[in-house]
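Contents: one structure, followed by commentary.
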Amino acid sequence: MFRPQSFRHLTLALVCSAAALTAQPALADDKSAVKAALVYNIMRFVKFPGDPGQLKVCATAADPVAGDLRRLDGRNVGRARISVVTVNSPAAIGSSCDVVYLDSDSPRSIGGVSHGQILIGGGRNFAEAGGTVGLINFGGQVRFVINSSAARRADITFSAQLMQLAAKVIS
Amino acid sequence: MKTTFSASALAIVIAAIQPGLAQAQDATIPPVPEATAAAAQDKTDSAPGPETDSAKAASGKGDLDGLLDMSLEEILAQEVTSVAKKSRRVGDSAAAVTVITQDDIRRSAARNVPDLLRMVPGMEVAEVQSSATSVSARGFTSRFAANLLVMIDGAAIYSTSISGMFWDQALIPLQDIERIEVIRGPGGTLWGSNSINGIVNIITKQSVDTQGLRLNASAGTFDYRTEASYGSQLTDTLSFRVYGDFRATNGLDSASGAVPNNSWKGGLGGVRFDVAPSENDSVVVLGEYSRGSFQERFQAVNLGPLGASYVTQIQQNRFASTHVLARWKHQVSTDFDFTLQAYFNNLFRTEFGATIDRDLFDLSGEGRWKIDHVNEINFGLSGRISRDRIGSTYSLSDPSGSNTDRWLTGYLQDEISIVPDKVRLTIGSKFEENNFTGFEIQPSVRLFVRTSPAFAAWASISRAVKTPLLINREMQANVTLIQNVPGFPIPVPVSATFNGTSKAQSEEVVAYEAGFRGNLSRTWTYDVALFYNDYSKLSTGDLVGTAPLFVPGYFLPVGVQLNYVVGNQGSGQSKGMEASLSGTLARWWKAELSYSYLDLTLNAKPGSYVLSGDGASPHHQVRLSSVMNLTDKFSTDASIHYVGEAQNHKRAAYTDLDIRATYRFNSQIEVSVVGSNLLKDRRLEYYQDTLPLELVYVPRSVFAEARVRF
């Protein structure tokens, strides 16, 4: 028969065991995978002008997220197929890119947002500096900030659902 | 929903029934998230974009491929240090789980949380008074329904005095709710008691997700409401939100139309801080204060020369609540994390002239430990003290004036992966020691089997208890109604006195559940849950004596006095099902159809009746909802809801229609026109004949709403 006393002992043993585990090493950082997945999901809620059949995603080869972004190549967003292009420097990113990802560079490094283009970045205050979407870190999670003015200037339309999920909307 | 729980009962439930390890979607609520995030995907992917192959997703993956199968809401919930873990989905749960997402909330016609719960298959929601709503699952709808465990941000707000939940005091701003997780059936291996028929877990948004100013205002024929919040991220590791809301209504109708002196109003203000000192730590500190007032049209019995009659007395009532909570979650490794939480809640309320003033202190710790590839342990321990002070009146009194209850609760369960991602067995139990019913044990066994990416089935057996409310244990209630009595030529006053007793025991249920779910195609899914519950020791009113009713000034008896003592002479069985089918008719059009059936039979020994057995639960409920994104700026949402008759046809069946039309001017401003209960002038949702209160009807209403975000 189960008695409260035995339960208490068992619980105590578990708590002690748990405490012993606190010395384990820290966890690996999978932030780049999360960021790449966010880029992909944000694209799903964006209406690009002209409804292109292909969406070109550009990043610098040295970008820590570039490796995960390359894995988006060949996936579909709606009827559009994603192609991922990596270049050597932000300056080499052209206006033909539909989506530009800059993990640490500022929007000014590519001369701003072109028509029909969304500029996503992971740097501090990226959206405030003119980017279309800024990814921000908070603890172990990643959020995003939308610059609706930048999107409007580029003729980009975000879905209402995406706007609702944004941590912040800048106009 | 419970008396003895701590932080995340529901979280553990879902964790118990899912494969692999749960990581907090909301860093504040441990294991639930992944399951709910999955549900979020199921319910919210109606926006432009490719349809998600939920069957594939449901199998669960790690790394980027797994992430790409998730919805945006789900990804945002991911701890970046734990994406290697398997994703958790409602599709992989061994229980009847439904999640109400932000999008569901935003697009509904709901005015409050109970309205939102109407969209969950099988939930029974009925307006009983302007200040009282009955919310139940799988039976036992009544004004004092107490079979659901309700938690807000990990804190159980279940009341143990006269009712399980004062829903009108759940003043959470709807715009701040991230999701609501609902489990129908016993809560699995979780904290404590009183989740006997289900759990409702309301999770609000982290403050980092609500930056800037957000306003929501609505006004219409039935009520007006405002919600406001301002949030900011002060540093990379600190954010805050100040928030509040206010609602007011003239109240529900009578059978012929609006009635005076039936109003309700209330408001809440709060502040929440989220701190993330590292990627493995999250801290939440929040404080809230709410208050309000309401009127009740109490029916007092008046004796005159022509006999007894009712005289309406307007009772002015008020309520208030203070809530303070702090929680720390630490992830030690991908295999081990724990949460510590403490909260204090004061609840004040006047009801039937009496006052209830309760202080609640709760301290808990819980953890999850994935021992190896086969076993994952969830465990927790909680201490809880509740001190009730009752200001007595004739209707409601407590001879002792105050009462203090203490609980020590724990749970322990092992989730055993028999065949990875395909067959899982979860075994565990809740344990509780309290100062009024002693030791309670609530074991459960759950089996989950996935035979293919498109089909899964589950089954469970659990034992759960509901500990007696204070009113059953030591309080006294007096109710006087005018009724026909043999021997009297005309209706006469019948005064019933109910005395609680220290011998009151816990109600018990052994629940047998099973279900299956899957995909009919890439865009259509179904979910079916079946249950059979065997209840025993249900609380009853046991008649212990009758006597002529004498009142001062009358030499002869004017009626009958009935004396009851609370017992546990009831038993019962319920069987039923909940089924839903959802999918997309077009890229811009999503639809969902749900049906629920309930057959509840209650028995009591001669001279006794089951206190919660009003027969107010409908046998059949059907709901059809439509979500249409007509253009980028314009959307319409509609739902038709059929609720079968109840209470021997005293509460008739009804079908009603809600419609919302929304226009978005830009990313910051949207306006909506909402019609609610459109098919009839008004409807009765609950036939009230056991308390001296007038029947109230929910009227047709229309309101306009504006939402602004800067």
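By convention here, the chains of the structure tokens are called A, B, ... in the order presented, each chain's residues are numbered starting at 1, and ligands are numbered starting at 1 in the order presented.
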
TODO: Find the residues around Ala91 of chain A up to 10 Å (only C-alpha atoms counted), leave out those fewer than 3 positions away in its own chain, and share them as a list of chain:residue names.
DONE: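 In the requested form, the answer reads A:Thr60, A:Val87, A:Asn88, A:Gly94, A:Arg108, A:Ser109, A:Ile110, A:Gly111.
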
Identify, with DSSP run on backbone atoms, the residues in chain A assigned to alpha helix (DSSP H), and express the list as a short mmCIF file (atom, residue, chain, number, x, y, z; two decimals) with all heavy atoms, in the first residue's frame.
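Dumped everything to out-v9.cif:
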```
data_model
loop_
_atom_site.label_atom_id
_atom_site.label_comp_id
_atom_site.auth_asym_id
_atom_site.auth_seq_id
_atom_site.Cartn_x
_atom_site.Cartn_y
_atom_site.Cartn_z
N PRO A 4 2.02 8.10 2.29
CA PRO A 4 2.57 9.43 2.05
C PRO A 4 4.05 9.51 2.38
O PRO A 4 4.82 10.19 1.71
CB PRO A 4 1.74 10.34 2.98
CG PRO A 4 0.50 9.57 3.25
CD PRO A 4 0.86 8.13 3.17
N GLN A 5 4.43 8.81 3.39
CA GLN A 5 5.83 8.87 3.81
C GLN A 5 6.75 8.43 2.68
O GLN A 5 7.74 9.08 2.38
CB GLN A 5 5.99 7.95 5.03
CG GLN A 5 7.36 8.01 5.66
CD GLN A 5 7.44 9.14 6.67
OE1 GLN A 5 6.43 9.72 7.01
NE2 GLN A 5 8.65 9.47 7.10
N SER A 6 6.38 7.31 2.04
CA SER A 6 7.23 6.80 0.97
C SER A 6 7.25 7.75 -0.21
O SER A 6 8.25 7.91 -0.88
CB SER A 6 6.76 5.42 0.55
OG SER A 6 5.41 5.46 0.15
N PHE A 7 6.12 8.37 -0.45
CA PHE A 7 6.06 9.33 -1.55
C PHE A 7 7.02 10.50 -1.29
O PHE A 7 7.73 10.96 -2.17
CB PHE A 7 4.63 9.84 -1.69
CG PHE A 7 4.50 11.06 -2.52
CD1 PHE A 7 4.94 11.06 -3.85
CD2 PHE A 7 3.98 12.22 -1.98
CE1 PHE A 7 4.82 12.20 -4.61
CE2 PHE A 7 3.87 13.35 -2.75
CZ PHE A 7 4.29 13.33 -4.07
N ARG A 8 7.02 10.97 -0.07
CA ARG A 8 7.89 12.10 0.24
C ARG A 8 9.35 11.73 0.06
O ARG A 8 10.15 12.50 -0.47
CB ARG A 8 7.62 12.56 1.68
CG ARG A 8 6.28 13.27 1.82
CD ARG A 8 5.99 13.63 3.25
NE ARG A 8 4.61 14.06 3.39
CZ ARG A 8 3.79 13.63 4.32
NH1 ARG A 8 4.19 12.73 5.19
NH2 ARG A 8 2.56 14.09 4.39
N HIS A 9 9.69 10.53 0.48
CA HIS A 9 11.08 10.10 0.31
C HIS A 9 11.44 10.02 -1.16
O HIS A 9 12.53 10.42 -1.58
CB HIS A 9 11.28 8.74 0.99
CG HIS A 9 11.22 8.82 2.48
ND1 HIS A 9 11.04 7.72 3.28
CD2 HIS A 9 11.30 9.88 3.32
CE1 HIS A 9 11.03 8.08 4.56
NE2 HIS A 9 11.18 9.41 4.60
N LEU A 10 10.52 9.49 -1.95
CA LEU A 10 10.78 9.36 -3.37
C LEU A 10 10.96 10.73 -4.02
O LEU A 10 11.87 10.95 -4.81
CB LEU A 10 9.62 8.61 -4.03
CG LEU A 10 9.73 8.41 -5.54
CD1 LEU A 10 11.00 7.65 -5.87
CD2 LEU A 10 8.50 7.64 -6.04
N THR A 11 10.11 11.64 -3.65
CA THR A 11 10.20 12.98 -4.22
C THR A 11 11.52 13.63 -3.84
O THR A 11 12.19 14.26 -4.66
CB THR A 11 9.03 13.84 -3.72
OG1 THR A 11 7.82 13.18 -4.06
CG2 THR A 11 9.06 15.21 -4.35
N LEU A 12 11.89 13.48 -2.59
CA LEU A 12 13.14 14.05 -2.13
C LEU A 12 14.31 13.48 -2.93
O LEU A 12 15.21 14.22 -3.35
CB LEU A 12 13.32 13.78 -0.63
CG LEU A 12 14.58 14.35 0.00
CD1 LEU A 12 14.56 15.87 -0.11
CD2 LEU A 12 14.69 13.93 1.46
N ALA A 13 14.26 12.19 -3.16
CA ALA A 13 15.33 11.56 -3.92
C ALA A 13 15.39 12.12 -5.33
O ALA A 13 16.47 12.40 -5.87
CB ALA A 13 15.12 10.05 -3.96
N LEU A 14 14.26 12.34 -5.91
CA LEU A 14 14.22 12.89 -7.27
C LEU A 14 14.77 14.29 -7.33
O LEU A 14 15.53 14.66 -8.21
CB LEU A 14 12.78 12.87 -7.80
CG LEU A 14 12.32 11.55 -8.39
CD1 LEU A 14 10.84 11.60 -8.69
CD2 LEU A 14 13.10 11.24 -9.66
N VAL A 15 14.37 15.09 -6.36
CA VAL A 15 14.84 16.47 -6.33
C VAL A 15 16.35 16.50 -6.17
O VAL A 15 17.06 17.28 -6.81
CB VAL A 15 14.14 17.25 -5.20
CG1 VAL A 15 14.77 18.62 -5.03
CG2 VAL A 15 12.66 17.40 -5.52
N CYS A 16 16.86 15.66 -5.30
CA CYS A 16 18.31 15.60 -5.10
C CYS A 16 19.01 15.17 -6.38
O CYS A 16 20.06 15.71 -6.76
CB CYS A 16 18.66 14.64 -3.97
SG CYS A 16 18.10 15.24 -2.36
N SER A 17 18.44 14.19 -7.06
CA SER A 17 19.03 13.74 -8.32
C SER A 17 19.04 14.87 -9.33
O SER A 17 20.00 15.08 -10.06
CB SER A 17 18.23 12.56 -8.88
OG SER A 17 18.20 11.52 -7.95
N ALA A 18 17.95 15.61 -9.35
CA ALA A 18 17.85 16.72 -10.28
C ALA A 18 18.91 17.77 -9.99
O ALA A 18 19.56 18.30 -10.88
CB ALA A 18 16.45 17.33 -10.20
N ALA A 19 19.08 18.04 -8.72
CA ALA A 19 20.07 19.04 -8.35
C ALA A 19 21.46 18.64 -8.79
O ALA A 19 22.27 19.46 -9.21
CB ALA A 19 20.04 19.25 -6.84
N ALA A 20 21.72 17.35 -8.72
CA ALA A 20 23.04 16.88 -9.12
C ALA A 20 23.31 17.12 -10.60
O ALA A 20 24.45 17.24 -11.03
CB ALA A 20 23.17 15.39 -8.82
N LYS A 31 20.54 28.71 -32.86
CA LYS A 31 19.85 29.93 -33.21
C LYS A 31 19.77 30.12 -34.72
O LYS A 31 18.79 30.64 -35.24
CB LYS A 31 20.58 31.11 -32.57
CG LYS A 31 19.72 32.34 -32.39
CD LYS A 31 20.46 33.41 -31.62
CE LYS A 31 20.64 32.99 -30.18
NZ LYS A 31 21.38 33.98 -29.40
N SER A 32 20.81 29.73 -35.43
CA SER A 32 20.80 29.95 -36.88
C SER A 32 19.68 29.15 -37.55
O SER A 32 19.05 29.62 -38.50
CB SER A 32 22.15 29.60 -37.50
OG SER A 32 22.39 28.22 -37.39
N ALA A 33 19.42 27.95 -37.06
CA ALA A 33 18.33 27.16 -37.63
C ALA A 33 17.00 27.81 -37.37
O ALA A 33 16.11 27.85 -38.24
CB ALA A 33 18.36 25.74 -37.05
N VAL A 34 16.84 28.35 -36.18
CA VAL A 34 15.59 29.04 -35.86
C VAL A 34 15.43 30.26 -36.75
O VAL A 34 14.35 30.53 -37.29
CB VAL A 34 15.56 29.44 -34.37
CG1 VAL A 34 14.37 30.35 -34.09
CG2 VAL A 34 15.48 28.21 -33.49
N LYS A 35 16.51 31.00 -36.94
CA LYS A 35 16.43 32.20 -37.78
C LYS A 35 16.10 31.85 -39.22
O LYS A 35 15.29 32.52 -39.88
CB LYS A 35 17.75 32.98 -37.70
CG LYS A 35 17.95 33.67 -36.36
CD LYS A 35 19.26 34.45 -36.33
CE LYS A 35 19.38 35.24 -35.02
NZ LYS A 35 20.66 35.98 -34.94
N ALA A 36 16.72 30.80 -39.73
CA ALA A 36 16.42 30.37 -41.11
C ALA A 36 14.96 29.95 -41.24
O ALA A 36 14.28 30.26 -42.22
CB ALA A 36 17.35 29.24 -41.52
N ALA A 37 14.48 29.25 -40.23
CA ALA A 37 13.07 28.83 -40.27
C ALA A 37 12.14 30.03 -40.17
O ALA A 37 11.08 30.05 -40.80
CB ALA A 37 12.80 27.85 -39.11
N LEU A 38 12.56 31.03 -39.42
CA LEU A 38 11.74 32.25 -39.34
C LEU A 38 11.71 32.96 -40.69
O LEU A 38 10.67 33.45 -41.13
CB LEU A 38 12.31 33.18 -38.27
CG LEU A 38 11.79 32.97 -36.85
CD1 LEU A 38 12.52 33.89 -35.88
CD2 LEU A 38 10.30 33.23 -36.78
N VAL A 39 12.86 33.03 -41.35
CA VAL A 39 12.90 33.65 -42.68
C VAL A 39 11.92 32.94 -43.61
O VAL A 39 11.13 33.58 -44.32
CB VAL A 39 14.33 33.60 -43.25
CG1 VAL A 39 14.34 34.01 -44.73
CG2 VAL A 39 15.26 34.50 -42.45
N TYR A 40 11.96 31.64 -43.58
CA TYR A 40 11.07 30.87 -44.45
C TYR A 40 9.61 31.14 -44.11
O TYR A 40 8.77 31.36 -44.99
CB TYR A 40 11.39 29.38 -44.28
CG TYR A 40 10.44 28.45 -45.00
CD1 TYR A 40 10.45 28.36 -46.40
CD2 TYR A 40 9.54 27.66 -44.28
CE1 TYR A 40 9.57 27.51 -47.05
CE2 TYR A 40 8.67 26.80 -44.94
CZ TYR A 40 8.68 26.73 -46.32
OH TYR A 40 7.82 25.89 -46.96
N ASN A 41 9.30 31.13 -42.82
CA ASN A 41 7.90 31.34 -42.42
C ASN A 41 7.42 32.75 -42.69
O ASN A 41 6.26 32.96 -43.05
CB ASN A 41 7.73 30.99 -40.94
CG ASN A 41 7.08 29.63 -40.76
OD1 ASN A 41 5.87 29.51 -40.87
ND2 ASN A 41 7.88 28.60 -40.55
N ILE A 42 8.31 33.71 -42.51
CA ILE A 42 7.91 35.09 -42.81
C ILE A 42 7.58 35.22 -44.30
O ILE A 42 6.61 35.87 -44.68
CB ILE A 42 9.04 36.06 -42.39
CG1 ILE A 42 9.09 36.15 -40.86
CG2 ILE A 42 8.83 37.45 -43.00
CD1 ILE A 42 10.31 36.85 -40.32
N MET A 43 8.37 34.56 -45.13
CA MET A 43 8.10 34.60 -46.58
C MET A 43 6.71 34.04 -46.90
O MET A 43 6.06 34.47 -47.86
CB MET A 43 9.17 33.80 -47.33
CG MET A 43 10.55 34.45 -47.29
SD MET A 43 11.84 33.35 -47.91
CE MET A 43 11.36 33.18 -49.62
N ARG A 44 6.26 33.12 -46.10
CA ARG A 44 4.94 32.53 -46.35
C ARG A 44 3.81 33.52 -46.14
O ARG A 44 2.72 33.34 -46.64
CB ARG A 44 4.73 31.32 -45.43
CG ARG A 44 5.69 30.18 -45.69
CD ARG A 44 5.49 29.08 -44.68
NE ARG A 44 4.10 28.65 -44.68
CZ ARG A 44 3.44 28.27 -43.60
NH1 ARG A 44 4.04 28.28 -42.43
NH2 ARG A 44 2.19 27.89 -43.68
N ALA A 66 23.86 31.52 -43.16
CA ALA A 66 23.87 31.17 -44.59
C ALA A 66 23.74 29.66 -44.81
O ALA A 66 23.03 29.21 -45.72
CB ALA A 66 25.14 31.70 -45.25
N GLY A 67 24.40 28.90 -43.99
CA GLY A 67 24.35 27.45 -44.16
C GLY A 67 22.94 26.91 -44.06
O GLY A 67 22.51 26.07 -44.87
N ASP A 68 22.20 27.39 -43.07
CA ASP A 68 20.82 26.93 -42.92
C ASP A 68 19.92 27.53 -43.99
O ASP A 68 18.97 26.88 -44.45
CB ASP A 68 20.30 27.29 -41.52
CG ASP A 68 20.84 26.35 -40.45
OD1 ASP A 68 20.75 25.13 -40.66
OD2 ASP A 68 21.35 26.82 -39.43
N LEU A 69 20.22 28.75 -44.41
CA LEU A 69 19.42 29.35 -45.48
C LEU A 69 19.55 28.56 -46.78
O LEU A 69 18.58 28.40 -47.53
CB LEU A 69 19.85 30.81 -45.72
CG LEU A 69 19.42 31.82 -44.65
CD1 LEU A 69 20.04 33.19 -44.94
CD2 LEU A 69 17.90 31.93 -44.58
N ARG A 70 20.76 28.05 -47.04
CA ARG A 70 20.96 27.27 -48.28
C ARG A 70 20.02 26.07 -48.32
O ARG A 70 19.64 25.61 -49.39
CB ARG A 70 22.41 26.79 -48.37
CG ARG A 70 23.39 27.87 -48.78
CD ARG A 70 24.75 27.28 -49.16
NE ARG A 70 25.78 28.31 -49.13
CZ ARG A 70 26.59 28.53 -48.10
NH1 ARG A 70 26.51 27.76 -47.03
NH2 ARG A 70 27.48 29.50 -48.13
N SER A 148 6.79 48.56 -40.91
CA SER A 148 5.72 48.58 -41.92
C SER A 148 5.95 49.66 -42.97
O SER A 148 5.52 49.52 -44.12
CB SER A 148 4.36 48.77 -41.23
OG SER A 148 4.31 49.99 -40.54
N SER A 149 6.64 50.73 -42.60
CA SER A 149 6.93 51.79 -43.58
C SER A 149 7.88 51.27 -44.66
O SER A 149 7.70 51.52 -45.85
CB SER A 149 7.54 53.00 -42.88
OG SER A 149 6.64 53.53 -41.94
N ALA A 150 8.90 50.55 -44.21
CA ALA A 150 9.85 50.00 -45.18
C ALA A 150 9.15 49.02 -46.11
O ALA A 150 9.42 48.98 -47.32
CB ALA A 150 11.00 49.30 -44.44
N ALA A 151 8.24 48.23 -45.56
CA ALA A 151 7.50 47.28 -46.40
C ALA A 151 6.61 48.01 -47.39
O ALA A 151 6.56 47.65 -48.58
CB ALA A 151 6.65 46.38 -45.50
N ARG A 152 5.97 49.05 -46.93
CA ARG A 152 5.07 49.80 -47.82
C ARG A 152 5.85 50.46 -48.95
O ARG A 152 5.43 50.44 -50.10
CB ARG A 152 4.32 50.85 -46.99
CG ARG A 152 3.10 51.43 -47.66
CD ARG A 152 2.17 52.10 -46.68
NE ARG A 152 2.85 52.97 -45.74
CZ ARG A 152 2.91 52.76 -44.43
NH1 ARG A 152 2.35 51.70 -43.93
NH2 ARG A 152 3.54 53.60 -43.62
N ARG A 153 7.01 51.00 -48.61
CA ARG A 153 7.82 51.66 -49.66
C ARG A 153 8.28 50.65 -50.70
O ARG A 153 8.44 50.99 -51.88
CB ARG A 153 9.04 52.34 -49.02
CG ARG A 153 8.72 53.65 -48.31
CD ARG A 153 10.00 54.43 -48.04
NE ARG A 153 10.93 53.70 -47.18
CZ ARG A 153 10.91 53.75 -45.85
NH1 ARG A 153 10.01 54.50 -45.24
NH2 ARG A 153 11.77 53.07 -45.13
N ALA A 160 -2.09 39.99 -42.07
CA ALA A 160 -2.49 40.46 -40.75
C ALA A 160 -1.99 39.51 -39.67
O ALA A 160 -1.63 39.94 -38.57
CB ALA A 160 -4.01 40.58 -40.68
N GLN A 161 -1.97 38.24 -39.98
CA GLN A 161 -1.53 37.27 -38.98
C GLN A 161 -0.06 37.47 -38.61
O GLN A 161 0.33 37.38 -37.45
CB GLN A 161 -1.74 35.85 -39.51
CG GLN A 161 -1.51 34.79 -38.45
CD GLN A 161 -1.77 33.40 -38.98
OE1 GLN A 161 -2.32 33.24 -40.07
NE2 GLN A 161 -1.38 32.40 -38.23
N LEU A 162 0.75 37.77 -39.62
CA LEU A 162 2.16 38.03 -39.36
C LEU A 162 2.31 39.27 -38.49
O LEU A 162 3.12 39.29 -37.55
CB LEU A 162 2.91 38.20 -40.68
CG LEU A 162 4.43 38.28 -40.54
CD1 LEU A 162 5.01 36.92 -40.22
CD2 LEU A 162 5.07 38.83 -41.80
N MET A 163 1.54 40.29 -38.80
CA MET A 163 1.63 41.53 -38.03
C MET A 163 1.24 41.26 -36.57
O MET A 163 1.82 41.83 -35.64
CB MET A 163 0.69 42.58 -38.62
CG MET A 163 0.94 42.88 -40.08
SD MET A 163 2.54 43.63 -40.41
CE MET A 163 2.21 45.31 -39.94
N GLN A 164 0.26 40.40 -36.38
CA GLN A 164 -0.18 40.11 -35.03
C GLN A 164 0.91 39.42 -34.21
O GLN A 164 1.00 39.60 -33.01
CB GLN A 164 -1.42 39.20 -35.07
CG GLN A 164 -2.70 39.94 -35.40
CD GLN A 164 -3.10 40.92 -34.33
OE1 GLN A 164 -2.95 40.65 -33.15
NE2 GLN A 164 -3.60 42.08 -34.74
N LEU A 165 1.70 38.62 -34.88
CA LEU A 165 2.71 37.86 -34.16
C LEU A 165 4.00 38.64 -33.95
O LEU A 165 4.89 38.19 -33.23
CB LEU A 165 3.02 36.56 -34.92
CG LEU A 165 1.86 35.55 -34.96
CD1 LEU A 165 2.21 34.38 -35.86
CD2 LEU A 165 1.54 35.06 -33.56
#
```

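Atom to atom, atom CA of Phe488 of chain B and atom CA of Leu562 of chain B stand 15.5 Å apart.
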
TODO: List the neighbours of Gln647 of chain B out to 7 Å using only C-alpha atoms; skip same-chain residues closer than 3 positions along the sequence, and give me the result as a PyMOL selection string.
DONE: chain B and resi 614-616+650-651

Pull N, CA and C atoms from the residues just selected and write them as a short mmCIF file (atom, residue, chain, number, x, y, z; two decimals), in the first residue's frame.
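Heads up, here's the output in out-v3.cif:
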```cif
data_model
loop_
_atom_site.label_atom_id
_atom_site.label_comp_id
_atom_site.auth_asym_id
_atom_site.auth_seq_id
_atom_site.Cartn_x
_atom_site.Cartn_y
_atom_site.Cartn_z
N ASP B 614 -28.02 19.04 -12.15
CA ASP B 614 -29.11 19.84 -12.67
C ASP B 614 -29.66 19.33 -14.00
N GLY B 615 -28.98 18.39 -14.60
CA GLY B 615 -29.40 17.93 -15.93
C GLY B 615 -29.28 19.01 -16.98
N ALA B 616 -28.38 19.94 -16.73
CA ALA B 616 -28.27 21.10 -17.62
C ALA B 616 -27.32 20.86 -18.78
N LYS B 650 -36.89 22.13 -20.16
CA LYS B 650 -37.11 23.46 -19.58
C LYS B 650 -36.14 24.46 -20.20
N ARG B 651 -34.98 23.98 -20.57
CA ARG B 651 -34.06 24.81 -21.37
C ARG B 651 -34.08 24.24 -22.78
#
```

Task: 12 Å contact set for Gln117 of chain A, only C-alpha atoms, chain neighbours under 4 positions out, as a PyMOL selection string - done: chain A and resi 43+46-50+52+55-58+93-101+110+112-113+131-133+150-157

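Using only C-alpha atoms for every distance, the candidate list A:Ile82, A:Ser89, A:Ile136, A:Ala62 yields A:Ile136 as the residue closest to chain B.
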
Task: Exercise: Val445 of chain B partners within 9 Å, only C-alpha atoms, chain neighbours under 5 positions left out, as an MDAnalysis selection string - done: chainID B and resid 188:189 425:429 459:462

Open item on the list: So that I can see what lies close to Ala127 of chain A, please list as a ChimeraX atom specification the residues with an atom at most 8 Å from it, counting only C-alpha atoms and leaving out residues fewer than 5 positions away in the same chain.
Closed with: /A:121,132-134,145-147,170

Task: Residues near Asp115 of chain B, cut-off 10 Å, only C-alpha atoms, skip fewer than 2 positions along chain, as a ChimeraX atom specification - done: /B:105,108-113,117-119,125-127,133,135

- [ ] Select from chain A everything DSSP, run on the backbone, classes as strand (DSSP E), then give the selection as a PyMOL selection string.
- [x] chain A and resi 46-47+54-60+76-77+80-87+99-102+118-121+133-138+141-147+157-158+168-170
